[in-house]
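First up is the structure itself, then whatever we jot down about it.
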Protein chains: 2
Amino acid sequence: MKDFVYYTPTEVVFGRKAEEKVAQMVRKHGGHKVLVHYGGRSARESGLLDKVLKALDDEGIPYVTLGGVVPNPRLSFVREGMELCRREGVDLLLAVGGGSVIDSCKAMAYGLKYSGDVWDFFCGKAVPAASMPVGCVVTIPAAGSEMSDSCVITNDADNDKRGVSSPFGRARFAILNPERTFSLPPYQTAAGVTDIMMHTMERYFSHDDDMDLTDALAEALLRTIKDNAFKVLRNPEDYRARAQIMWGSSLSHNGLTECGLQRDWACHKLEHELSGMFDVTHGAGLAAIWATWARYVCKDNVSRFVQFAVNVMGVRNDFSDPEGTALRGIEAVEGFFRAIGMPVSIGELLGRPLTEAEIAELARRCSHDGAITVGALKFLSRSDMEAIYRAAN
Amino acid sequence: MKDFVYYTPTEVVFGRKAEEKVAQMVRKHGGHKVLVHYGGRSARESGLLDKVLKALDDEGIPYVTLGGVVPNPRLSFVREGMELCRREGVDLLLAVGGGSVIDSCKAMAYGLKYSGDVWDFFCGKAVPAASMPVGCVVTIPAAGSEMSDSCVITNDADNDKRGVSSPFGRARFAILNPERTFSLPPYQTAAGVTDIMMHTMERYFSHDDDMDLTDALAEALLRTIKDNAFKVLRNPEDYRARAQIMWGSSLSHNGLTECGLQRDWACHKLEHELSGMFDVTHGAGLAAIWATWARYVCKDNVSRFVQFAVNVMGVRNDFSDPEGTALRGIEAVEGFFRAIGMPVSIGELLGRPLTEAEIAELARRCSHDGAITVGALKFLSRSDMEAIYRAAN
């Protein structure tokens, strides 16, 4: 069991019409001039953006808007946003959207409290020591960025996708209304479910097998998300099911399912290279890699994979064959991903297999030219990475 | 499903030697002059108090100490502590102990930021709008006060035990080292386990049957605490088992197991009158009441009690007899309380049954002379309260 720090100060307002509290939350968390940053058309077309702006108007809180983030948000965009904030004297950043919008705001929030280049935090040159307050009105349950300490940005100069985690990366408040997710298309819903589950699974597969409470909570969360995935795909306006997924998204990445464990994160790092290079949906990229990764590392902690198979995937334990039970658990995850419409290979993800040159390049980037390993359950070297990309192809 | 706010800003430092971080946490959370409030001899004799004071000395943080709280902490003591803090210019209150010590500090923290009488908050005359920062070094996993928003104090003028819950009642930081609980005697350990489980059970028994994730997390927490109770009673120095209970104590009362539910709290309120009148251990008082309460209200939501019986207590579901399954779940809790050495009736708790006059007086107080009901699963009137005290006798 690892010692741990658990610090989740984000104030969550959850429920129907939660967005009506936005101006009150901005005031409470010290905002006097707000950047309202939203993503694509959906925030505008759904009427959510108007509601948010009206709430700010009614409270007499001045704001400036910034639209147009893309999935895998770009450093150049973050820099533009920072410029706008400086020019307008913004003191709170309000993200209206999903993980890309929130992460853009978080990156701006770091940069606005730093005299150097904001990319310094992402390439490891500097560690955040402050940030401007960030609030969120969440529309896509997936990234969990509304409660997490993490922020991921792609440098558009070279498609280098990098993350930074810091206590200063926590949003001050998050407004979660499950109704706002009714209009999410099935593919985005399923990719979100995958990302949510992976945030806990990347922590769960650890050599720390002695933190029973974290395991029990993680398993409970994973089972609940899995069961509700089918419900929302069948009926996108099922409030109850959408609520489980939305709240699960926040809890899966806020640190709760990590307490006492050494986290792994290999799949996220392998996937970041994929979505950096090909701009695919992050959750779908994770689904395309996970089972291959799991088979590759399973022998390093078979009993952990057995526990997962039995407690999460409902696989019957064959006590005489732990490895068989473990593998059936991995197959069950593959079956689940297929059932919700996710790819289970990189070929399916991209519509074509990777070339050998691409495999080499992905592993080169992920390993920083061979300088680092990723993962903790098993340390993955550059050649391990190549083997996984190839086997997942 | 109820809309909810989830706000748990307490920074938790968990693990071996966690108390070595105390001075760093005091600084981080703005303390310049600290009241170090500790309970009985154990903090002194175990060496914990010395460690804490040394850490403050090493960091050059001035402090004043205050010892001697009792279980069910007293208003008069809170007033003395406030006087001391004012005299000494204290700006952060550090509780070294269990729930009584923490709650005394929380009450002082409210009072020090209020011009009126601190009891106003407890008798409902005023609502907290501020508090002085509180930190905790926890030695008893039970009350969960280190992460909760609640604070319970007894007015020694008339043994009136009252609680107040407020976002300003959250500690800024909590230091949790499971080793510090090795020396807890079996009775205190078992009473703590009961209190911990009850903090979730008081929320679980609700008419909101549609918040699957909260239910799943609550059930996971309860199973984990239950299983580990036997381990710590068999081997008090089992770090792994003590850690589950200590972390479970914080999570059980920080609001996580309440999201989306209408909480009940009837047993706590019935028990507060018992421990206000007889000064019994709170957890033991809860054990003495719970099964009687459960049988009394079970018919108001049988399926909920069935879910609890099956998912928490491992009772086999007799699908043709939901009420029978529910009752076997209640019996299983009674069996568990007996197995860990807790009383399952008020007679066992006090060593003698209540008199009819005492029953009437307890119900009179709990109902505020008949003016209020308690509970939410079933609203309990003054006569319901009398019936429960009598049946639990």
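Please note that chains go A, B, ... in the order of the structure tokens, that every chain numbers its residues from 1, and that ligands are numbered from 1 in the order shown.
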Exercise for the section: List every residue of segment 108-330 of chain B that DSSP, applied to the backbone, labels as helix (DSSP H, G or I), and write the result as number ranges by chain. Expected result: B: 108-111, 119-122, 167-169, 178-181, 186-204, 212-234, 239-252, 256-258, 266-278, 282-311, 322-330
Where does chain B meet chain A within 6 Å, residue by residue, with the nearest atom pair and distance in Å to one decimal for each, counting only C-alpha atoms, listed by chain and rising number, as CSV?
```
residue,atom,partner,partner_atom,distance
B:Asp3,CA,A:Gly15,CA,4.4
B:Phe4,CA,A:Phe14,CA,5.2
B:Val5,CA,A:Val13,CA,4.6
B:Tyr6,CA,A:Val12,CA,5.0
B:Tyr7,CA,A:Glu11,CA,4.6
B:Thr8,CA,A:Pro9,CA,5.8
B:Pro9,CA,A:Pro9,CA,3.8
B:Glu11,CA,A:Tyr7,CA,4.6
B:Val12,CA,A:Tyr6,CA,5.0
B:Val13,CA,A:Val5,CA,4.6
B:Phe14,CA,A:Phe4,CA,5.2
B:Gly15,CA,A:Asp3,CA,4.4
B:Leu213,CA,A:Gln244,CA,5.8
B:Ala216,CA,A:Ala220,CA,5.3
B:Leu217,CA,A:Leu217,CA,5.4
B:Ala220,CA,A:Ala216,CA,5.3
B:Thr224,CA,A:Leu213,CA,6.0
B:Gln244,CA,A:Leu213,CA,5.8
```
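Once Asp158 of chain B and its same-chain neighbours fewer than 3 positions away are set aside, Thr154, Asn155, Lys161, Gly276 and Met277 of chain B remain within 10 Å of it when counting only C-alpha atoms.
Surrounding segment 42-51 of chain B within 9 Å are B:Glu19, B:Glu20, B:Val36, B:Tyr38, B:Ala55, B:Leu56, B:Val96, B:Gly97, B:Thr139, B:Arg180, B:Ser183, with only C-alpha atoms counted and residues fewer than 4 positions along the same chain left out.
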Please return the superposed copy of chain A as a compact mmCIF listing (two decimals) with C-alpha atoms, in the first residue's frame; the fit should be least squares onto chain B across all sequentially paired Cα atoms.
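Heads up, here's the output in superposed.txt:
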```txt
# COMPACT_ATOMS: atom_id res chain seq x y z
CA MET A 1 -32.68 10.93 -7.25
CA LYS A 2 -31.98 14.15 -5.42
CA ASP A 3 -29.86 16.93 -6.88
CA PHE A 4 -26.76 17.34 -4.78
CA VAL A 5 -23.72 19.41 -3.97
CA TYR A 6 -20.50 17.50 -3.32
CA TYR A 7 -17.80 19.56 -1.68
CA THR A 8 -14.96 17.89 0.20
CA PRO A 9 -12.05 20.30 0.23
CA THR A 10 -10.16 18.66 3.11
CA GLU A 11 -6.60 17.78 2.11
CA VAL A 12 -5.89 14.27 3.40
CA VAL A 13 -2.36 13.06 4.08
CA PHE A 14 -2.55 9.31 4.64
CA GLY A 15 0.11 6.79 5.60
CA ARG A 16 2.96 5.84 7.85
CA LYS A 17 4.64 8.84 9.49
CA ALA A 18 1.99 11.13 8.02
CA GLU A 19 2.15 13.24 11.20
CA GLU A 20 5.62 14.39 10.16
CA LYS A 21 3.89 16.57 7.57
CA VAL A 22 1.89 18.48 10.18
CA ALA A 23 3.96 21.68 10.27
CA GLN A 24 4.04 21.81 6.47
CA MET A 25 0.24 21.49 6.39
CA VAL A 26 -0.23 24.16 9.06
CA ARG A 27 1.87 26.57 6.99
CA LYS A 28 0.12 25.66 3.75
CA HIS A 29 -3.28 26.31 5.28
CA GLY A 30 -2.32 29.67 6.71
CA GLY A 31 -1.53 28.96 10.35
CA HIS A 32 0.84 31.32 12.19
CA LYS A 33 -0.20 30.62 15.78
CA VAL A 34 -1.75 27.27 16.54
CA LEU A 35 -3.99 25.89 19.25
CA VAL A 36 -2.96 22.25 19.66
CA HIS A 37 -5.95 20.59 21.23
CA TYR A 38 -5.62 16.98 22.33
CA GLY A 39 -7.80 14.55 24.22
CA GLY A 40 -6.94 12.23 27.05
CA ARG A 41 -3.68 10.66 28.03
CA SER A 42 -3.24 8.54 24.93
CA ALA A 43 -2.02 11.35 22.67
CA ARG A 44 0.60 12.19 25.30
CA GLU A 45 1.57 8.66 26.28
CA SER A 46 1.83 7.39 22.72
CA GLY A 47 4.33 10.11 21.94
CA LEU A 48 2.12 11.52 19.18
CA LEU A 49 1.62 14.86 20.89
CA ASP A 50 5.38 15.27 21.36
CA LYS A 51 5.94 14.50 17.70
CA VAL A 52 3.40 17.09 16.64
CA LEU A 53 4.82 19.75 18.96
CA LYS A 54 8.36 18.98 17.85
CA ALA A 55 7.34 19.33 14.21
CA LEU A 56 5.85 22.75 14.97
CA ASP A 57 8.93 23.76 16.96
CA ASP A 58 11.24 22.68 14.13
CA GLU A 59 9.26 24.81 11.70
CA GLY A 60 9.24 27.75 14.13
CA ILE A 61 5.45 27.82 14.40
CA PRO A 62 4.30 29.06 17.82
CA TYR A 63 1.50 27.21 19.57
CA VAL A 64 -0.45 26.87 22.76
CA THR A 65 -1.75 23.49 23.98
CA LEU A 66 -5.11 22.55 25.43
CA GLY A 67 -5.80 19.05 26.74
CA GLY A 68 -8.60 17.24 28.42
CA VAL A 69 -11.62 16.87 26.20
CA VAL A 70 -14.12 14.17 27.19
CA PRO A 71 -16.33 11.99 24.95
CA ASN A 72 -19.45 13.95 24.00
CA PRO A 73 -17.59 17.26 24.25
CA ARG A 74 -19.06 20.04 26.33
CA LEU A 75 -20.06 23.56 25.46
CA SER A 76 -18.37 24.97 28.56
CA PHE A 77 -15.09 23.49 27.38
CA VAL A 78 -15.55 25.00 23.92
CA ARG A 79 -16.03 28.41 25.53
CA GLU A 80 -12.85 28.01 27.58
CA GLY A 81 -10.97 27.04 24.44
CA MET A 82 -12.27 30.10 22.59
CA GLU A 83 -11.12 32.32 25.42
CA LEU A 84 -7.66 30.81 25.25
CA CYS A 85 -7.51 31.25 21.46
CA ARG A 86 -8.54 34.91 21.69
CA ARG A 87 -6.02 35.60 24.43
CA GLU A 88 -3.20 33.92 22.52
CA GLY A 89 -4.02 35.24 19.04
CA VAL A 90 -4.48 31.76 17.57
CA ASP A 91 -5.31 31.60 13.85
CA LEU A 92 -5.48 27.81 13.26
CA LEU A 93 -6.91 25.07 15.45
CA LEU A 94 -5.16 21.71 15.36
CA ALA A 95 -7.07 18.75 16.77
CA VAL A 96 -4.95 15.77 17.84
CA GLY A 97 -7.38 12.98 18.65
CA GLY A 98 -10.76 11.61 17.65
CA GLY A 99 -14.19 13.05 16.95
CA SER A 100 -14.62 14.77 20.31
CA VAL A 101 -11.37 16.69 19.95
CA ILE A 102 -12.09 17.59 16.32
CA ASP A 103 -15.65 18.67 17.10
CA SER A 104 -14.48 20.83 19.99
CA CYS A 105 -12.09 22.55 17.60
CA LYS A 106 -14.79 22.97 14.96
CA ALA A 107 -17.14 24.53 17.49
CA MET A 108 -14.40 26.92 18.65
CA ALA A 109 -13.64 27.73 15.00
CA TYR A 110 -17.26 28.76 14.44
CA GLY A 111 -17.40 30.74 17.65
CA LEU A 112 -14.18 32.62 16.98
CA LYS A 113 -15.65 34.06 13.78
CA TYR A 114 -18.96 35.05 15.34
CA SER A 115 -19.92 37.91 17.58
CA GLY A 116 -22.82 36.11 19.28
CA ASP A 117 -22.97 32.99 21.44
CA VAL A 118 -21.52 29.89 19.73
CA TRP A 119 -24.47 27.77 20.95
CA ASP A 120 -26.66 29.82 18.57
CA PHE A 121 -25.42 27.59 15.72
CA PHE A 122 -26.38 24.41 17.54
CA CYS A 123 -29.82 25.47 18.71
CA GLY A 124 -30.72 26.82 15.28
CA LYS A 125 -30.61 30.55 16.09
CA ALA A 126 -27.84 31.25 13.57
CA VAL A 127 -26.17 29.69 10.54
CA PRO A 128 -22.36 29.63 10.29
CA ALA A 129 -21.00 32.09 7.74
CA ALA A 130 -17.31 31.61 8.50
CA SER A 131 -14.90 29.63 10.62
CA MET A 132 -11.26 29.67 11.64
CA PRO A 133 -9.14 27.02 9.85
CA VAL A 134 -9.11 23.61 11.52
CA GLY A 135 -6.62 20.79 10.92
CA CYS A 136 -6.64 17.29 12.42
CA VAL A 137 -4.21 14.57 13.36
CA VAL A 138 -6.63 11.69 13.76
CA THR A 139 -6.19 8.90 16.31
CA ILE A 140 -9.65 7.28 16.37
CA PRO A 141 -11.48 6.24 13.20
CA ALA A 142 -15.14 6.62 14.08
CA ALA A 143 -16.73 10.05 13.90
CA GLY A 144 -15.38 10.85 10.44
CA SER A 145 -15.34 14.46 11.55
CA GLU A 146 -11.96 15.00 9.85
CA MET A 147 -13.71 15.14 6.45
CA SER A 148 -17.34 15.71 7.36
CA ASP A 149 -19.19 19.00 7.53
CA SER A 150 -20.69 18.15 10.90
CA CYS A 151 -19.92 19.00 14.51
CA VAL A 152 -21.75 17.74 17.60
CA ILE A 153 -21.57 19.37 21.03
CA THR A 154 -23.36 18.78 24.32
CA ASN A 155 -24.64 21.74 26.30
CA ASP A 156 -23.65 20.82 29.84
CA ALA A 157 -26.32 23.12 31.29
CA ASP A 158 -29.02 20.57 30.35
CA ASN A 159 -27.21 17.68 28.58
CA ASP A 160 -28.68 18.82 25.29
CA LYS A 161 -26.57 17.19 22.51
CA ARG A 162 -26.89 19.03 19.22
CA GLY A 163 -25.18 18.97 15.84
CA VAL A 164 -24.61 21.53 13.14
CA SER A 165 -23.63 20.84 9.53
CA SER A 166 -22.16 23.52 7.30
CA PRO A 167 -19.65 23.85 4.45
CA PHE A 168 -17.64 25.96 6.92
CA GLY A 169 -17.41 22.89 9.15
CA ARG A 170 -14.90 21.11 6.90
CA ALA A 171 -11.37 20.73 8.24
CA ARG A 172 -8.69 22.20 5.96
CA PHE A 173 -6.47 19.17 6.35
CA ALA A 174 -6.46 15.76 7.98
CA ILE A 175 -3.45 13.63 8.82
CA LEU A 176 -4.24 9.93 8.98
CA ASN A 177 -1.68 7.35 10.07
CA PRO A 178 -3.26 3.93 10.65
CA GLU A 179 -0.39 2.99 13.01
CA ARG A 180 -1.78 5.57 15.42
CA THR A 181 -4.87 3.39 15.86
CA PHE A 182 -2.98 0.19 16.82
CA SER A 183 -3.40 0.92 20.52
CA LEU A 184 -7.18 1.44 20.42
CA PRO A 185 -8.89 -1.03 22.80
CA PRO A 186 -11.33 -3.55 21.26
CA TYR A 187 -14.45 -1.82 22.58
CA GLN A 188 -13.43 1.56 21.12
CA THR A 189 -12.44 -0.13 17.88
CA ALA A 190 -15.79 -1.87 17.60
CA ALA A 191 -17.76 1.24 18.56
CA GLY A 192 -15.79 3.12 15.90
CA VAL A 193 -16.59 0.48 13.27
CA THR A 194 -20.27 0.77 14.19
CA ASP A 195 -20.24 4.56 13.91
CA ILE A 196 -18.43 4.40 10.56
CA MET A 197 -20.93 1.93 9.11
CA MET A 198 -23.85 3.90 10.50
CA HIS A 199 -22.69 7.09 8.76
CA THR A 200 -23.26 5.33 5.45
CA MET A 201 -26.31 3.32 6.57
CA GLU A 202 -28.10 6.46 7.77
CA ARG A 203 -27.78 7.74 4.21
CA TYR A 204 -28.40 4.44 2.45
CA PHE A 205 -31.86 3.80 3.86
CA SER A 206 -33.70 6.27 1.69
CA HIS A 207 -36.62 6.39 -0.69
CA ASP A 208 -34.19 7.33 -3.47
CA ASP A 209 -33.62 3.96 -5.06
CA ASP A 210 -32.21 5.24 -8.35
CA MET A 211 -28.69 6.45 -7.59
CA ASP A 212 -26.91 3.23 -8.50
CA LEU A 213 -23.38 4.55 -8.22
CA THR A 214 -23.82 5.90 -4.70
CA ASP A 215 -25.45 2.61 -3.68
CA ALA A 216 -22.64 0.57 -5.20
CA LEU A 217 -19.97 2.68 -3.48
CA ALA A 218 -21.84 2.57 -0.16
CA GLU A 219 -22.23 -1.19 -0.32
CA ALA A 220 -18.56 -1.63 -1.23
CA LEU A 221 -17.53 0.55 1.71
CA LEU A 222 -19.78 -1.28 4.18
CA ARG A 223 -18.57 -4.73 3.10
CA THR A 224 -14.96 -3.62 3.38
CA ILE A 225 -15.37 -2.14 6.86
CA LYS A 226 -17.28 -5.20 8.06
CA ASP A 227 -14.66 -7.64 6.79
CA ASN A 228 -11.80 -5.66 8.25
CA ALA A 229 -13.44 -5.26 11.66
CA PHE A 230 -12.73 -8.90 12.45
CA LYS A 231 -9.15 -8.54 11.27
CA VAL A 232 -8.33 -5.62 13.57
CA LEU A 233 -10.03 -7.23 16.55
CA ARG A 234 -7.93 -10.36 15.98
CA ASN A 235 -4.73 -8.44 15.30
CA PRO A 236 -4.79 -4.81 16.47
CA GLU A 237 -1.50 -4.08 14.69
CA ASP A 238 -2.68 -5.20 11.24
CA TYR A 239 -1.74 -2.09 9.27
CA ARG A 240 -3.64 -3.12 6.18
CA ALA A 241 -6.88 -3.71 8.08
CA ARG A 242 -6.50 -0.58 10.23
CA ALA A 243 -5.93 1.43 7.05
CA GLN A 244 -9.19 0.26 5.49
CA ILE A 245 -11.11 1.27 8.58
CA MET A 246 -9.36 4.60 8.95
CA TRP A 247 -9.87 5.61 5.31
CA GLY A 248 -13.39 4.18 5.37
CA SER A 249 -14.19 6.36 8.35
CA SER A 250 -13.33 9.51 6.42
CA LEU A 251 -15.13 8.46 3.23
CA SER A 252 -18.22 7.27 5.07
CA HIS A 253 -18.99 10.71 6.45
CA ASN A 254 -17.57 13.08 3.83
CA GLY A 255 -20.73 13.03 1.69
CA LEU A 256 -19.63 10.48 -0.92
CA THR A 257 -22.22 7.93 0.19
CA GLU A 258 -24.98 10.53 0.23
CA CYS A 259 -24.91 11.84 -3.35
CA GLY A 260 -28.42 11.74 -4.77
CA LEU A 261 -30.05 10.40 -1.61
CA GLN A 262 -32.37 11.83 1.02
CA ARG A 263 -30.53 11.05 4.22
CA ASP A 264 -32.36 9.65 7.23
CA TRP A 265 -30.33 10.15 10.45
CA ALA A 266 -33.08 8.91 12.77
CA CYS A 267 -30.78 6.53 14.64
CA HIS A 268 -28.19 9.23 15.22
CA LYS A 269 -30.82 11.53 16.62
CA LEU A 270 -32.30 8.84 18.85
CA GLU A 271 -28.79 8.00 20.03
CA HIS A 272 -27.76 11.59 20.67
CA GLU A 273 -30.43 11.73 23.36
CA LEU A 274 -29.12 8.52 24.89
CA SER A 275 -25.51 9.65 25.00
CA GLY A 276 -26.56 13.13 26.08
CA MET A 277 -28.44 11.65 29.04
CA PHE A 278 -26.17 8.71 29.94
CA ASP A 279 -22.78 9.65 28.44
CA VAL A 280 -22.41 6.30 26.68
CA THR A 281 -20.09 5.68 23.73
CA HIS A 282 -21.86 6.95 20.62
CA GLY A 283 -21.10 3.91 18.42
CA ALA A 284 -22.31 1.50 21.08
CA GLY A 285 -25.51 3.53 21.45
CA LEU A 286 -26.10 3.26 17.71
CA ALA A 287 -25.63 -0.52 17.80
CA ALA A 288 -28.14 -0.75 20.66
CA ILE A 289 -30.83 1.02 18.61
CA TRP A 290 -30.30 0.16 14.95
CA ALA A 291 -31.98 -3.23 14.58
CA THR A 292 -35.06 -2.08 16.47
CA TRP A 293 -35.27 1.02 14.28
CA ALA A 294 -34.80 -1.13 11.17
CA ARG A 295 -37.61 -3.53 12.08
CA TYR A 296 -39.84 -0.56 12.88
CA VAL A 297 -39.35 1.14 9.49
CA CYS A 298 -38.58 -1.81 7.20
CA LYS A 299 -42.06 -1.97 5.66
CA ASP A 300 -41.68 1.58 4.39
CA ASN A 301 -39.13 0.40 1.80
CA VAL A 302 -38.78 -3.36 1.88
CA SER A 303 -36.84 -3.60 -1.39
CA ARG A 304 -34.19 -1.31 0.03
CA PHE A 305 -33.71 -3.58 3.02
CA VAL A 306 -33.56 -6.57 0.66
CA GLN A 307 -30.87 -4.85 -1.41
CA PHE A 308 -28.91 -4.18 1.78
CA ALA A 309 -29.35 -7.74 3.04
CA VAL A 310 -28.08 -9.23 -0.21
CA ASN A 311 -25.44 -6.72 -1.30
CA VAL A 312 -23.97 -5.83 2.08
CA MET A 313 -24.72 -8.65 4.50
CA GLY A 314 -24.42 -11.49 1.98
CA VAL A 315 -27.87 -12.86 2.79
CA ARG A 316 -29.26 -15.25 0.18
CA ASN A 317 -32.18 -13.62 -1.59
CA ASP A 318 -35.47 -15.46 -1.14
CA PHE A 319 -37.20 -13.88 -4.14
CA SER A 320 -40.58 -15.19 -3.01
CA ASP A 321 -40.27 -13.55 0.41
CA PRO A 322 -38.77 -10.05 0.26
CA GLU A 323 -39.77 -9.23 3.82
CA GLY A 324 -38.14 -12.40 5.08
CA THR A 325 -34.94 -11.55 3.21
CA ALA A 326 -35.04 -8.02 4.61
CA LEU A 327 -35.45 -9.29 8.16
CA ARG A 328 -32.61 -11.76 7.76
CA GLY A 329 -30.44 -8.82 6.73
CA ILE A 330 -31.35 -6.99 9.93
CA GLU A 331 -30.61 -10.12 11.96
CA ALA A 332 -27.26 -10.40 10.20
CA VAL A 333 -26.36 -6.88 11.32
CA GLU A 334 -27.35 -7.79 14.88
CA GLY A 335 -25.18 -10.87 14.61
CA PHE A 336 -22.30 -8.74 13.36
CA PHE A 337 -22.65 -6.23 16.20
CA ARG A 338 -22.70 -9.08 18.74
CA ALA A 339 -19.65 -10.67 17.11
CA ILE A 340 -17.60 -7.48 17.49
CA GLY A 341 -18.74 -6.99 21.08
CA MET A 342 -21.36 -4.29 20.67
CA PRO A 343 -24.66 -4.18 22.58
CA VAL A 344 -27.82 -4.83 20.59
CA SER A 345 -30.28 -3.42 23.12
CA ILE A 346 -30.40 -0.40 25.39
CA GLY A 347 -30.51 -2.76 28.38
CA GLU A 348 -27.19 -4.24 27.31
CA LEU A 349 -25.80 -0.77 26.65
CA LEU A 350 -26.67 0.72 30.05
CA GLY A 351 -26.57 -2.48 32.12
CA ARG A 352 -30.23 -1.98 33.00
CA PRO A 353 -33.40 -1.24 31.05
CA LEU A 354 -34.74 2.28 30.70
CA THR A 355 -37.60 3.26 32.98
CA GLU A 356 -40.86 4.42 31.40
CA ALA A 357 -40.09 7.91 32.68
CA GLU A 358 -36.72 7.86 30.92
CA ILE A 359 -38.30 6.63 27.68
CA ALA A 360 -40.79 9.50 27.81
CA GLU A 361 -38.03 12.01 28.54
CA LEU A 362 -35.77 10.75 25.72
CA ALA A 363 -38.65 11.00 23.22
CA ARG A 364 -39.63 14.40 24.56
CA ARG A 365 -36.13 15.74 23.98
CA CYS A 366 -35.63 14.03 20.62
CA SER A 367 -38.92 15.40 19.33
CA HIS A 368 -38.37 18.87 20.82
CA ASP A 369 -41.50 18.43 22.96
CA GLY A 370 -43.33 16.87 20.04
CA ALA A 371 -42.57 19.78 17.70
CA ILE A 372 -40.47 17.82 15.21
CA THR A 373 -40.19 14.41 13.63
CA VAL A 374 -36.88 12.70 12.85
CA GLY A 375 -35.95 10.42 9.96
CA ALA A 376 -36.83 10.45 6.27
CA LEU A 377 -37.36 6.82 5.30
CA LYS A 378 -40.16 7.07 7.84
CA PHE A 379 -40.98 10.26 9.71
CA LEU A 380 -40.82 9.32 13.38
CA SER A 381 -43.14 11.18 15.71
CA ARG A 382 -42.72 11.43 19.45
CA SER A 383 -44.85 8.31 19.93
CA ASP A 384 -42.79 6.42 17.30
CA MET A 385 -39.68 7.40 19.23
CA GLU A 386 -41.15 6.11 22.46
CA ALA A 387 -42.08 2.86 20.73
CA ILE A 388 -38.53 2.42 19.40
CA TYR A 389 -36.84 3.23 22.72
CA ARG A 390 -39.22 0.78 24.41
CA ALA A 391 -38.71 -2.00 21.88
CA ALA A 392 -34.93 -1.51 21.96
CA ASN A 393 -34.92 -1.72 25.75
```
